[in-house]
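As stored in coords.txt (compact mmCIF, C-alpha atoms (C1' of nucleotides)):
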# COMPACT_ATOMS: atom_id res chain seq x y z
CA MET A 20 7.41 -33.48 5.65
CA ARG A 21 11.15 -32.81 5.51
CA MET A 22 12.73 -32.16 2.12
CA THR A 23 16.42 -32.66 1.50
CA LYS A 24 18.34 -29.94 -0.28
CA ASP A 25 19.00 -32.32 -3.13
CA GLU A 26 15.33 -33.02 -3.47
CA ALA A 27 14.68 -29.29 -3.54
CA ARG A 28 17.32 -28.73 -6.22
CA ARG A 29 15.85 -31.55 -8.25
CA ARG A 30 12.37 -30.10 -8.05
CA LEU A 31 13.52 -26.63 -9.02
CA ARG A 32 15.32 -28.01 -12.05
CA ALA A 33 12.30 -30.08 -12.98
CA TYR A 34 10.21 -26.93 -13.08
CA GLY A 35 12.76 -25.03 -15.13
CA LEU A 36 13.95 -22.80 -12.32
CA ARG A 37 17.50 -21.89 -11.41
CA VAL A 38 18.80 -23.21 -8.16
CA THR A 39 19.71 -20.50 -5.66
CA PRO A 40 20.17 -20.68 -1.89
CA PRO A 41 17.09 -18.68 -0.92
CA ARG A 42 14.99 -20.65 -3.36
CA VAL A 43 16.07 -23.94 -1.82
CA ALA A 44 15.42 -22.58 1.64
CA VAL A 45 11.92 -21.38 0.74
CA LEU A 46 11.12 -24.76 -0.75
CA GLY A 47 12.27 -26.44 2.42
CA ILE A 48 10.08 -24.19 4.53
CA LEU A 49 7.03 -24.85 2.42
CA ALA A 50 7.70 -28.56 2.77
CA ASP A 51 8.16 -28.39 6.53
CA ALA A 52 5.17 -26.15 7.13
CA GLY A 53 2.68 -28.74 6.01
CA GLY A 54 0.06 -26.03 5.55
CA PRO A 55 -0.46 -22.75 3.74
CA VAL A 56 2.13 -20.13 4.66
CA SER A 57 2.28 -16.44 3.86
CA LEU A 58 5.26 -14.35 2.84
CA THR A 59 5.49 -12.98 6.35
CA GLN A 60 5.42 -16.46 7.83
CA VAL A 61 8.17 -17.61 5.51
CA LEU A 62 10.26 -14.63 6.59
CA GLU A 63 9.68 -15.49 10.23
CA LEU A 64 10.53 -19.13 9.69
CA LEU A 65 13.71 -18.14 7.89
CA GLY A 66 14.57 -16.20 11.01
CA ASP A 67 18.12 -15.03 11.14
CA SER A 68 19.05 -15.81 7.55
CA ASP A 69 19.69 -12.34 6.23
CA TRP A 70 17.95 -12.60 2.90
CA ASP A 71 16.10 -9.57 1.74
CA PRO A 72 12.32 -9.76 2.13
CA SER A 73 11.84 -8.72 -1.47
CA THR A 74 14.03 -11.62 -2.52
CA ILE A 75 11.82 -14.07 -0.68
CA TYR A 76 8.76 -12.37 -2.11
CA ARG A 77 10.06 -12.67 -5.65
CA ASN A 78 10.95 -16.29 -5.10
CA LEU A 79 7.47 -17.07 -3.92
CA VAL A 80 6.14 -15.39 -7.03
CA LYS A 81 8.51 -17.46 -9.15
CA LEU A 82 7.52 -20.67 -7.44
CA ARG A 83 3.85 -19.98 -7.97
CA GLU A 84 4.34 -18.95 -11.59
CA ALA A 85 6.20 -22.18 -12.20
CA GLY A 86 3.36 -24.11 -10.59
CA LEU A 87 5.58 -25.43 -7.84
CA ALA A 88 3.85 -23.51 -5.05
CA PRO A 89 0.38 -22.27 -5.96
CA VAL A 90 -1.50 -19.77 -3.82
CA VAL A 91 -4.01 -21.94 -1.99
CA SER A 92 -5.58 -19.22 0.13
CA ARG A 93 -6.04 -15.48 -0.21
CA MET A 94 -7.72 -15.23 3.13
CA ASP A 95 -7.74 -11.71 4.55
CA GLY A 96 -6.00 -10.49 1.43
CA ILE A 97 -2.83 -12.33 2.31
CA ASP A 98 -1.54 -14.81 -0.23
CA ARG A 99 -0.68 -18.16 1.31
CA TYR A 100 1.40 -20.72 -0.53
CA ALA A 101 1.67 -24.48 -0.35
CA LEU A 102 3.77 -27.03 -2.17
CA ALA A 103 2.06 -28.55 -5.17
CA ASN A 104 1.06 -32.05 -4.13
CA ASN A 105 0.13 -34.49 -6.86
CA HIS A 106 -3.46 -34.88 -5.70
CA GLU A 107 -5.81 -32.16 -4.39
CA ASP A 108 -4.30 -29.53 -6.65
CA GLY A 109 -7.11 -29.18 -9.14
CA HIS A 110 -9.65 -29.10 -6.34
CA PRO A 111 -8.29 -26.76 -3.70
CA HIS A 112 -10.09 -27.40 -0.45
CA PRO A 113 -11.69 -24.70 1.69
CA HIS A 114 -9.64 -22.85 4.25
CA PHE A 115 -10.60 -21.53 7.64
CA LEU A 116 -9.02 -18.46 9.21
CA CYS A 117 -9.36 -18.19 12.96
CA GLU A 118 -9.90 -14.63 14.10
CA ASP A 119 -8.52 -15.49 17.53
CA CYS A 120 -5.30 -17.38 16.90
CA GLY A 121 -4.79 -16.45 13.26
CA ARG A 122 -4.24 -20.04 12.27
CA VAL A 123 -5.29 -21.09 8.79
CA ALA A 124 -6.68 -24.60 8.67
CA CYS A 125 -7.58 -26.81 5.73
CA ILE A 126 -11.21 -27.91 5.84
CA LYS A 127 -11.05 -30.84 3.53
CA GLU A 128 -14.14 -32.92 4.07
CA GLU A 129 -16.78 -31.16 5.97
CA VAL A 130 -17.66 -28.29 3.72
CA ALA A 131 -16.45 -29.59 0.40
CA ALA A 132 -18.79 -32.53 0.58
CA ALA A 133 -21.76 -30.26 1.09
CA LEU A 134 -21.20 -28.12 -1.98
CA SER A 135 -23.81 -29.53 -4.30
CA ILE A 136 -25.13 -26.32 -5.77
CA HIS A 137 -27.61 -25.50 -8.46
CA GLY A 138 -28.58 -22.27 -10.13
CA ARG A 139 -26.98 -19.22 -11.64
CA TRP A 140 -24.02 -19.24 -9.27
CA ALA A 141 -23.38 -22.96 -9.45
CA GLU A 142 -20.41 -22.83 -11.78
CA SER A 143 -18.84 -19.85 -10.04
CA ILE A 144 -19.14 -21.42 -6.64
CA ARG A 145 -17.79 -24.78 -7.75
CA GLY A 146 -14.71 -23.04 -9.16
CA ALA A 147 -14.29 -20.63 -6.29
CA MET A 148 -11.82 -20.57 -3.46
CA VAL A 149 -13.88 -21.13 -0.34
CA GLN A 150 -12.81 -19.12 2.67
CA LEU A 151 -14.32 -19.20 6.12
CA LEU A 152 -13.68 -16.61 8.79
CA GLY A 153 -14.53 -17.28 12.38
CA HIS A 154 -13.36 -19.04 15.51
CA CYS A 155 -11.65 -22.40 15.27
CA PRO A 156 -12.63 -25.33 17.48
CA ASP A 157 -9.62 -24.84 19.75
CA CYS A 158 -10.42 -21.20 20.40
CA LEU A 159 -14.09 -21.99 20.88
CA ALA A 160 -13.03 -24.51 23.50
CA ARG A 161 -10.98 -21.97 25.43
CA PRO A 162 -13.05 -20.44 28.24
CA ASP A 163 -11.63 -16.99 27.59
CA GLY A 164 -12.77 -17.04 23.99
CA MET B 5 -33.30 2.05 -0.69
CA ARG B 6 -33.21 5.83 -0.17
CA MET B 7 -33.02 7.14 3.36
CA THR B 8 -34.10 10.65 4.28
CA LYS B 9 -31.81 12.74 6.45
CA ASP B 10 -34.44 12.78 9.14
CA GLU B 11 -34.60 9.01 9.08
CA ALA B 12 -30.81 8.90 9.39
CA ARG B 13 -30.83 11.30 12.32
CA ARG B 14 -33.53 9.26 13.98
CA ARG B 15 -31.56 6.04 13.59
CA LEU B 16 -28.38 7.56 14.93
CA ARG B 17 -30.19 8.84 18.00
CA ALA B 18 -31.84 5.47 18.49
CA TYR B 19 -28.44 3.84 18.64
CA GLY B 20 -27.08 6.41 21.06
CA LEU B 21 -24.87 8.19 18.55
CA ARG B 22 -24.46 11.91 18.05
CA VAL B 23 -25.76 13.33 14.82
CA THR B 24 -23.07 14.89 12.66
CA PRO B 25 -23.07 15.71 8.95
CA PRO B 26 -20.56 13.05 7.86
CA ARG B 27 -22.35 10.47 9.93
CA VAL B 28 -25.65 11.21 8.25
CA ALA B 29 -23.99 11.12 4.85
CA VAL B 30 -22.35 7.76 5.51
CA LEU B 31 -25.64 6.33 6.66
CA GLY B 32 -27.29 7.55 3.49
CA ILE B 33 -24.60 5.93 1.38
CA LEU B 34 -24.95 2.61 3.15
CA ALA B 35 -28.67 2.77 2.56
CA ASP B 36 -28.33 3.62 -1.12
CA ALA B 37 -25.65 1.04 -1.81
CA GLY B 38 -27.91 -1.88 -1.07
CA GLY B 39 -24.87 -4.11 -0.65
CA PRO B 40 -21.67 -4.35 1.33
CA VAL B 41 -19.42 -1.32 0.84
CA SER B 42 -15.85 -0.73 1.96
CA LEU B 43 -14.29 2.41 3.41
CA THR B 44 -12.76 3.18 0.02
CA GLN B 45 -16.09 2.76 -1.72
CA VAL B 46 -17.77 5.08 0.75
CA LEU B 47 -15.08 7.67 0.10
CA GLU B 48 -15.61 7.34 -3.64
CA LEU B 49 -19.36 7.60 -3.29
CA LEU B 50 -18.98 10.70 -1.16
CA GLY B 51 -17.01 12.13 -4.02
CA ASP B 52 -16.39 15.84 -3.73
CA SER B 53 -17.51 16.25 -0.15
CA ASP B 54 -14.25 17.22 1.50
CA TRP B 55 -14.45 15.14 4.62
CA ASP B 56 -11.26 13.65 5.81
CA PRO B 57 -10.86 9.92 5.09
CA SER B 58 -9.99 9.26 8.70
CA THR B 59 -13.25 10.89 9.74
CA ILE B 60 -15.21 8.57 7.51
CA TYR B 61 -13.17 5.65 8.78
CA ARG B 62 -13.88 6.53 12.38
CA ASN B 63 -17.56 6.95 11.64
CA LEU B 64 -17.74 3.51 10.08
CA VAL B 65 -16.07 2.14 13.18
CA LYS B 66 -18.59 3.94 15.35
CA LEU B 67 -21.51 2.70 13.29
CA ARG B 68 -20.30 -0.86 13.53
CA GLU B 69 -19.59 -0.61 17.25
CA ALA B 70 -23.10 0.69 17.77
CA GLY B 71 -24.47 -2.22 15.79
CA LEU B 72 -25.93 0.06 13.15
CA ALA B 73 -23.61 -1.08 10.35
CA PRO B 74 -21.92 -4.42 11.06
CA VAL B 75 -19.05 -5.69 8.94
CA VAL B 76 -20.71 -8.28 6.76
CA SER B 77 -17.66 -9.24 4.71
CA ARG B 78 -13.93 -9.18 5.31
CA MET B 79 -13.18 -10.49 1.87
CA ASP B 80 -9.63 -9.86 0.77
CA GLY B 81 -8.89 -8.27 4.11
CA ILE B 82 -11.13 -5.31 3.33
CA ASP B 83 -13.94 -4.65 5.78
CA ARG B 84 -17.26 -4.13 4.06
CA TYR B 85 -20.21 -2.62 5.88
CA ALA B 86 -23.95 -2.89 5.45
CA LEU B 87 -26.89 -1.36 7.25
CA ALA B 88 -28.31 -3.59 9.94
CA ASN B 89 -31.55 -4.97 8.58
CA ASN B 90 -33.94 -6.50 11.07
CA HIS B 91 -33.73 -9.99 9.57
CA GLU B 92 -30.63 -11.77 8.27
CA ASP B 93 -28.38 -10.15 10.86
CA GLY B 94 -27.80 -13.13 13.11
CA HIS B 95 -27.15 -15.34 10.11
CA PRO B 96 -24.94 -13.38 7.74
CA HIS B 97 -25.07 -14.91 4.32
CA PRO B 98 -22.01 -15.91 2.28
CA HIS B 99 -20.34 -13.38 0.02
CA PHE B 100 -18.65 -13.86 -3.30
CA LEU B 101 -15.75 -11.70 -4.49
CA CYS B 102 -15.16 -11.70 -8.23
CA GLU B 103 -11.50 -11.58 -9.10
CA ASP B 104 -12.33 -10.06 -12.48
CA CYS B 105 -14.74 -7.25 -11.78
CA GLY B 106 -14.15 -6.91 -8.04
CA ARG B 107 -17.84 -6.98 -7.32
CA VAL B 108 -18.98 -8.47 -4.02
CA ALA B 109 -22.21 -10.38 -4.28
CA CYS B 110 -24.44 -11.83 -1.61
CA ILE B 111 -24.96 -15.55 -2.07
CA LYS B 112 -28.04 -16.03 0.03
CA GLU B 113 -29.56 -19.33 -0.87
CA GLU B 114 -27.29 -21.52 -2.84
CA VAL B 115 -24.48 -22.14 -0.41
CA ALA B 116 -26.18 -21.43 2.87
CA ALA B 117 -28.72 -24.14 2.26
CA ALA B 118 -26.00 -26.70 1.74
CA LEU B 119 -24.19 -26.07 5.02
CA SER B 120 -25.32 -29.06 7.01
CA ILE B 121 -22.05 -30.00 8.64
CA HIS B 122 -21.04 -32.56 11.21
CA GLY B 123 -17.82 -33.16 13.09
CA ARG B 124 -15.17 -31.23 14.94
CA TRP B 125 -15.49 -28.14 12.78
CA ALA B 126 -19.26 -28.08 12.71
CA GLU B 127 -19.76 -25.33 15.22
CA SER B 128 -16.94 -23.20 13.86
CA ILE B 129 -18.21 -23.45 10.32
CA ARG B 130 -21.79 -22.70 11.23
CA GLY B 131 -20.68 -19.53 12.98
CA ALA B 132 -18.16 -18.53 10.36
CA MET B 133 -18.31 -15.85 7.72
CA VAL B 134 -18.29 -17.70 4.43
CA GLN B 135 -16.29 -16.09 1.67
CA LEU B 136 -15.86 -17.29 -1.87
CA LEU B 137 -13.23 -16.04 -4.24
CA GLY B 138 -13.50 -16.70 -7.94
CA HIS B 139 -15.20 -15.55 -11.12
CA CYS B 140 -18.79 -14.41 -11.01
CA PRO B 141 -21.38 -15.63 -13.52
CA ASP B 142 -21.21 -12.42 -15.53
CA CYS B 143 -17.45 -12.61 -15.94
CA LEU B 144 -17.64 -16.30 -16.74
CA ALA B 145 -20.12 -15.44 -19.47
CA ARG B 146 -17.83 -12.87 -21.06
CA PRO B 147 -15.81 -14.46 -23.89
CA ASP B 148 -12.65 -12.64 -22.81
CA GLY B 149 -12.84 -14.06 -19.32
C1' DC C 23 38.52 -23.66 -16.08
C1' DC C 24 36.82 -19.53 -18.32
C1' DT C 25 33.35 -16.76 -20.75
C1' DG C 26 29.16 -14.50 -21.39
C1' DC C 27 24.25 -14.40 -21.36
C1' DT C 28 20.52 -14.49 -18.43
C1' DT C 29 18.51 -14.48 -14.20
C1' DC C 30 18.63 -13.27 -9.45
C1' DC C 31 19.76 -10.51 -5.26
C1' DG C 32 20.01 -6.41 -2.15
C1' DC C 33 18.77 -1.87 -1.49
C1' DA C 34 15.62 1.63 -1.54
C1' DA C 35 11.49 3.46 -2.42
C1' DG C 36 6.54 3.43 -3.12
C1' DC C 37 1.59 2.10 -2.86
C1' DG C 38 -2.92 0.98 -0.79
C1' DG C 39 -5.65 0.19 3.06
C1' DC C 40 -6.04 0.66 7.78
C1' DT C 41 -5.10 3.09 12.27
C1' DT C 42 -3.90 6.60 15.79
C1' DG C 43 -2.24 11.03 18.47
C1' DC C 44 -3.20 15.57 19.00
C1' DG C 45 -5.30 19.94 19.27
C1' DA C 46 -9.22 22.61 17.64
C1' DG C 47 -14.27 22.56 17.02
C1' DC C 48 -19.01 21.18 17.45
C1' DA C 49 -23.26 18.58 19.58
C1' DG C 50 -26.39 18.54 22.93
C1' DG C 51 -27.83 18.31 27.88
C1' DA C 52 -27.95 21.29 32.20
C1' DT D 28 -26.31 30.06 27.15
C1' DC D 29 -22.55 27.38 28.91
C1' DC D 30 -19.79 23.39 29.58
C1' DT D 31 -18.32 18.79 28.90
C1' DG D 32 -17.19 15.29 26.14
C1' DC D 33 -17.48 13.46 21.63
C1' DT D 34 -15.92 14.45 16.92
C1' DC D 35 -13.13 16.44 13.11
C1' DG D 36 -9.00 17.53 10.32
C1' DC D 37 -4.29 17.01 9.93
C1' DA D 38 -0.33 14.46 9.99
C1' DA D 39 2.02 10.56 10.62
C1' DG D 40 2.67 5.64 11.02
C1' DC D 41 2.03 0.57 10.31
C1' DC D 42 1.77 -3.53 7.57
C1' DG D 43 1.87 -6.28 3.61
C1' DC D 44 2.74 -6.18 -1.04
C1' DT D 45 5.34 -4.53 -5.22
C1' DT D 46 8.89 -2.52 -8.31
C1' DG D 47 13.28 -0.06 -10.39
C1' DC D 48 17.94 -0.35 -10.58
C1' DG D 49 22.72 -1.72 -10.50
C1' DG D 50 25.77 -5.24 -9.06
C1' DA D 51 26.31 -10.36 -8.33
C1' DA D 52 25.62 -15.08 -9.26
C1' DG D 53 23.89 -19.37 -11.87
C1' DC D 54 24.83 -22.23 -15.64
C1' DA D 55 25.49 -23.58 -20.57
C1' DG D 56 28.89 -23.68 -23.93
C1' DG D 57 33.63 -23.30 -25.31
Would you write out, as structure tokens, the structure that this file holds?
Amino acid sequence: MRMTKDEARRRLRAYGLRVTPPRVAVLGILADAGGPVSLTQVLELLGDSDWDPSTIYRNLVKLREAGLAPVVSRMDGIDRYALANNHEDGHPHPHFLCEDCGRVACIKEEVAAALSIHGRWAESIRGAMVQLLGHCPDCLARPDG
Amino acid sequence: MRMTKDEARRRLRAYGLRVTPPRVAVLGILADAGGPVSLTQVLELLGDSDWDPSTIYRNLVKLREAGLAPVVSRMDGIDRYALANNHEDGHPHPHFLCEDCGRVACIKEEVAAALSIHGRWAESIRGAMVQLLGHCPDCLARPDG
DNA sequence: CCTGCTTCCGCAAGCGGCTTGCGAGCAGGA
DNA sequence: TCCTGCTCGCAAGCCGCTTGCGGAAGCAGG
């Protein structure tokens, strides 16, 4: 999932954004993560790079406004971003937040396939962001769950 | 959905909780609301009664620990409480948060019926709290949506 | 390379919702 | 009625998000 700095610069330009060091770094992190990441997670992954948190925050906002990194999950009130990937953008898949380990997983098939809904809420539900809160398979498997 | 003060006192006793004025008031509010309410909503509904917010918070915690008012939705990271009602407790139904009007609705039938899942995530999903984030039918119907 | 407009960055502060420590006060059983 | 332990009010703190402001940097055009 690696992304070269040149690739990052190219993408930023393509979306009409200026190229700045933190912006390139954030893009790289989103690419490496391979899943939805929150502002806090980005900050942690950046680690020792002394960029101001508000700078990273504003860059995430910019990236999402430009369409380069939409918010794919608002689970628990925390916005989580992911790189826009050609496919699966129009139809964001459900996400699962584990209350034990805090991991956010993408539930692509299992629920999405079952959402054949009728009635007053049909349109709302089809367009909604589906979020599931519970215990993930790994944590269920742990004896100390 | 009204609940008399005596009924509230009786319920508190039955769950092993002391009877205090704020506790009775909170119970009454949960009963009147008829839907999931958050700490903030309880405070608003209490209005001019000058109880400290932390008191109400702690009472909600107590009520949920006692099993009298479980958290039925953690949508957007905000805990929402509802009175324990004989039925439908073991199988909490999905909730829908409207991004326009902020209303939380209970989606009893439409999604729940469709959740026949197989595979690695089956158990997790069956036990999970289902949350949907989007635009409710009413807001979709408004022309200025 | 230099200029100048525009955007971005760092700092600092603030907000909303949740949470807790502490001492005074009340509920309720002996 | 008294005593013990739960509860209340106050104050502060935490966490994640958000914004105002002045100085710095990107980048298009000369």
Should the cut-off be 10 Å, what would the residue list for chain A against chain D look like, counting only C-alpha atoms (C1' of nucleotides), as a short mmCIF file (atom, residue, chain, number, x, y, z; two decimals) with C-alpha atoms, keeping the file's coordinate frame?
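Just written: selection-v1.cif:
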data_model
loop_
_atom_site.label_atom_id
_atom_site.label_comp_id
_atom_site.auth_asym_id
_atom_site.auth_seq_id
_atom_site.Cartn_x
_atom_site.Cartn_y
_atom_site.Cartn_z
CA ARG A 37 17.50 -21.89 -11.41
CA VAL A 38 18.80 -23.21 -8.16
CA THR A 39 19.71 -20.50 -5.66
CA LEU A 58 5.26 -14.35 2.84
CA THR A 59 5.49 -12.98 6.35
CA SER A 73 11.84 -8.72 -1.47
CA TYR A 76 8.76 -12.37 -2.11
CA ARG A 77 10.06 -12.67 -5.65
CA GLY A 96 -6.00 -10.49 1.43
CA ILE A 97 -2.83 -12.33 2.31
CA ASP A 98 -1.54 -14.81 -0.23
#
Any idea what's packed within 12 Å of Ile60 of chain B, counting only C-alpha atoms (C1' of nucleotides), ignoring anything in its chain fewer than 2 positions away? Could you give it as a ChimeraX atom specification? /B:24-31,33,42-50,53-58,62-67 /D:34-36
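When atom C1' of DC27 of chain C is paired with atom CA of Gly35 of chain A, their separation reads 16.8 Å.
Residue nearest chain A within the list B:Arg68, B:Arg13, B:Arg6, B:His139: B:His139 [criterion: smallest interatomic distance, all atoms listed in the file].
When atom CA of Ala132 of chain B is paired with atom CA of Glu118 of chain A, their separation reads 9.9 Å.
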Taking all atoms listed in the file into account, find every residue of chain B that has an atom no more than 6 Å from chain A, and write it out as number ranges by chain. B: 80-81, 118, 128, 132-140
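Coordinates place atom CA of Leu34 of chain B at a distance of 7.6 Å from atom CA of Tyr85 of chain B.
Counting all atoms listed in the file, the residue from B:Arg17, B:Ala35, B:Met7, B:Val41 that sits nearest to Gly106 of chain B is B:Val41.
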Would you mind listing, as a ChimeraX atom specification, all residues of chain C that have at least one atom within 10 Å of chain A, where all atoms listed in the file are what counts? /C:29-33
Please report, as JSON, the centre and edge lengths in Å to one decimal of an axis-aligned box covering all listed atoms of segment 23-34 of chain C with 6 Å per side.
{"center_x": 27.1, "center_y": -11.0, "center_z": -11.4, "size_x": 34.9, "size_y": 37.3, "size_z": 31.9}
Taking the block above, write segment 65-84 of chain A with N, CA and C atoms as a short mmCIF file (atom, residue, chain, number, x, y, z; two decimals), in the first residue's frame.
data_model
loop_
_atom_site.label_atom_id
_atom_site.label_comp_id
_atom_site.auth_asym_id
_atom_site.auth_seq_id
_atom_site.Cartn_x
_atom_site.Cartn_y
_atom_site.Cartn_z
N LEU A 65 2.42 9.65 12.82
CA LEU A 65 3.45 10.63 12.46
C LEU A 65 4.56 10.61 13.50
N GLY A 66 4.18 10.31 14.73
CA GLY A 66 5.17 10.14 15.78
C GLY A 66 5.94 11.40 16.09
N ASP A 67 7.23 11.34 15.85
CA ASP A 67 8.11 12.40 16.31
C ASP A 67 8.16 13.63 15.40
N SER A 68 7.50 13.55 14.26
CA SER A 68 7.53 14.71 13.36
C SER A 68 6.75 15.85 13.99
N ASP A 69 7.44 16.91 14.32
CA ASP A 69 6.82 17.95 15.15
C ASP A 69 5.90 18.89 14.38
N TRP A 70 4.92 18.31 13.71
CA TRP A 70 3.91 19.17 13.11
C TRP A 70 2.79 19.39 14.10
N ASP A 71 2.23 20.57 14.03
CA ASP A 71 1.17 20.90 14.98
C ASP A 71 -0.09 20.07 14.70
N PRO A 72 -0.72 19.56 15.76
CA PRO A 72 -1.95 18.79 15.57
C PRO A 72 -2.99 19.52 14.73
N SER A 73 -3.12 20.81 14.97
CA SER A 73 -4.13 21.55 14.21
C SER A 73 -3.78 21.59 12.73
N THR A 74 -2.50 21.56 12.43
CA THR A 74 -2.08 21.51 11.02
C THR A 74 -2.55 20.21 10.38
N ILE A 75 -2.32 19.12 11.08
CA ILE A 75 -2.75 17.82 10.55
C ILE A 75 -4.26 17.79 10.42
N TYR A 76 -4.92 18.31 11.43
CA TYR A 76 -6.39 18.37 11.38
C TYR A 76 -6.87 19.12 10.14
N ARG A 77 -6.29 20.30 9.93
CA ARG A 77 -6.72 21.10 8.79
C ARG A 77 -6.40 20.41 7.47
N ASN A 78 -5.32 19.69 7.44
CA ASN A 78 -4.98 18.98 6.21
C ASN A 78 -5.96 17.85 5.94
N LEU A 79 -6.36 17.18 6.99
CA LEU A 79 -7.37 16.14 6.79
C LEU A 79 -8.67 16.75 6.26
N VAL A 80 -9.02 17.91 6.82
CA VAL A 80 -10.22 18.58 6.34
C VAL A 80 -10.08 18.93 4.85
N LYS A 81 -8.90 19.46 4.51
CA LYS A 81 -8.65 19.81 3.11
C LYS A 81 -8.76 18.59 2.19
N LEU A 82 -8.13 17.52 2.63
CA LEU A 82 -8.13 16.31 1.81
C LEU A 82 -9.55 15.79 1.61
N ARG A 83 -10.36 15.90 2.64
CA ARG A 83 -11.73 15.38 2.50
C ARG A 83 -12.57 16.34 1.67
N GLU A 84 -12.32 17.64 1.81
CA GLU A 84 -13.07 18.60 0.99
C GLU A 84 -12.73 18.42 -0.48
#
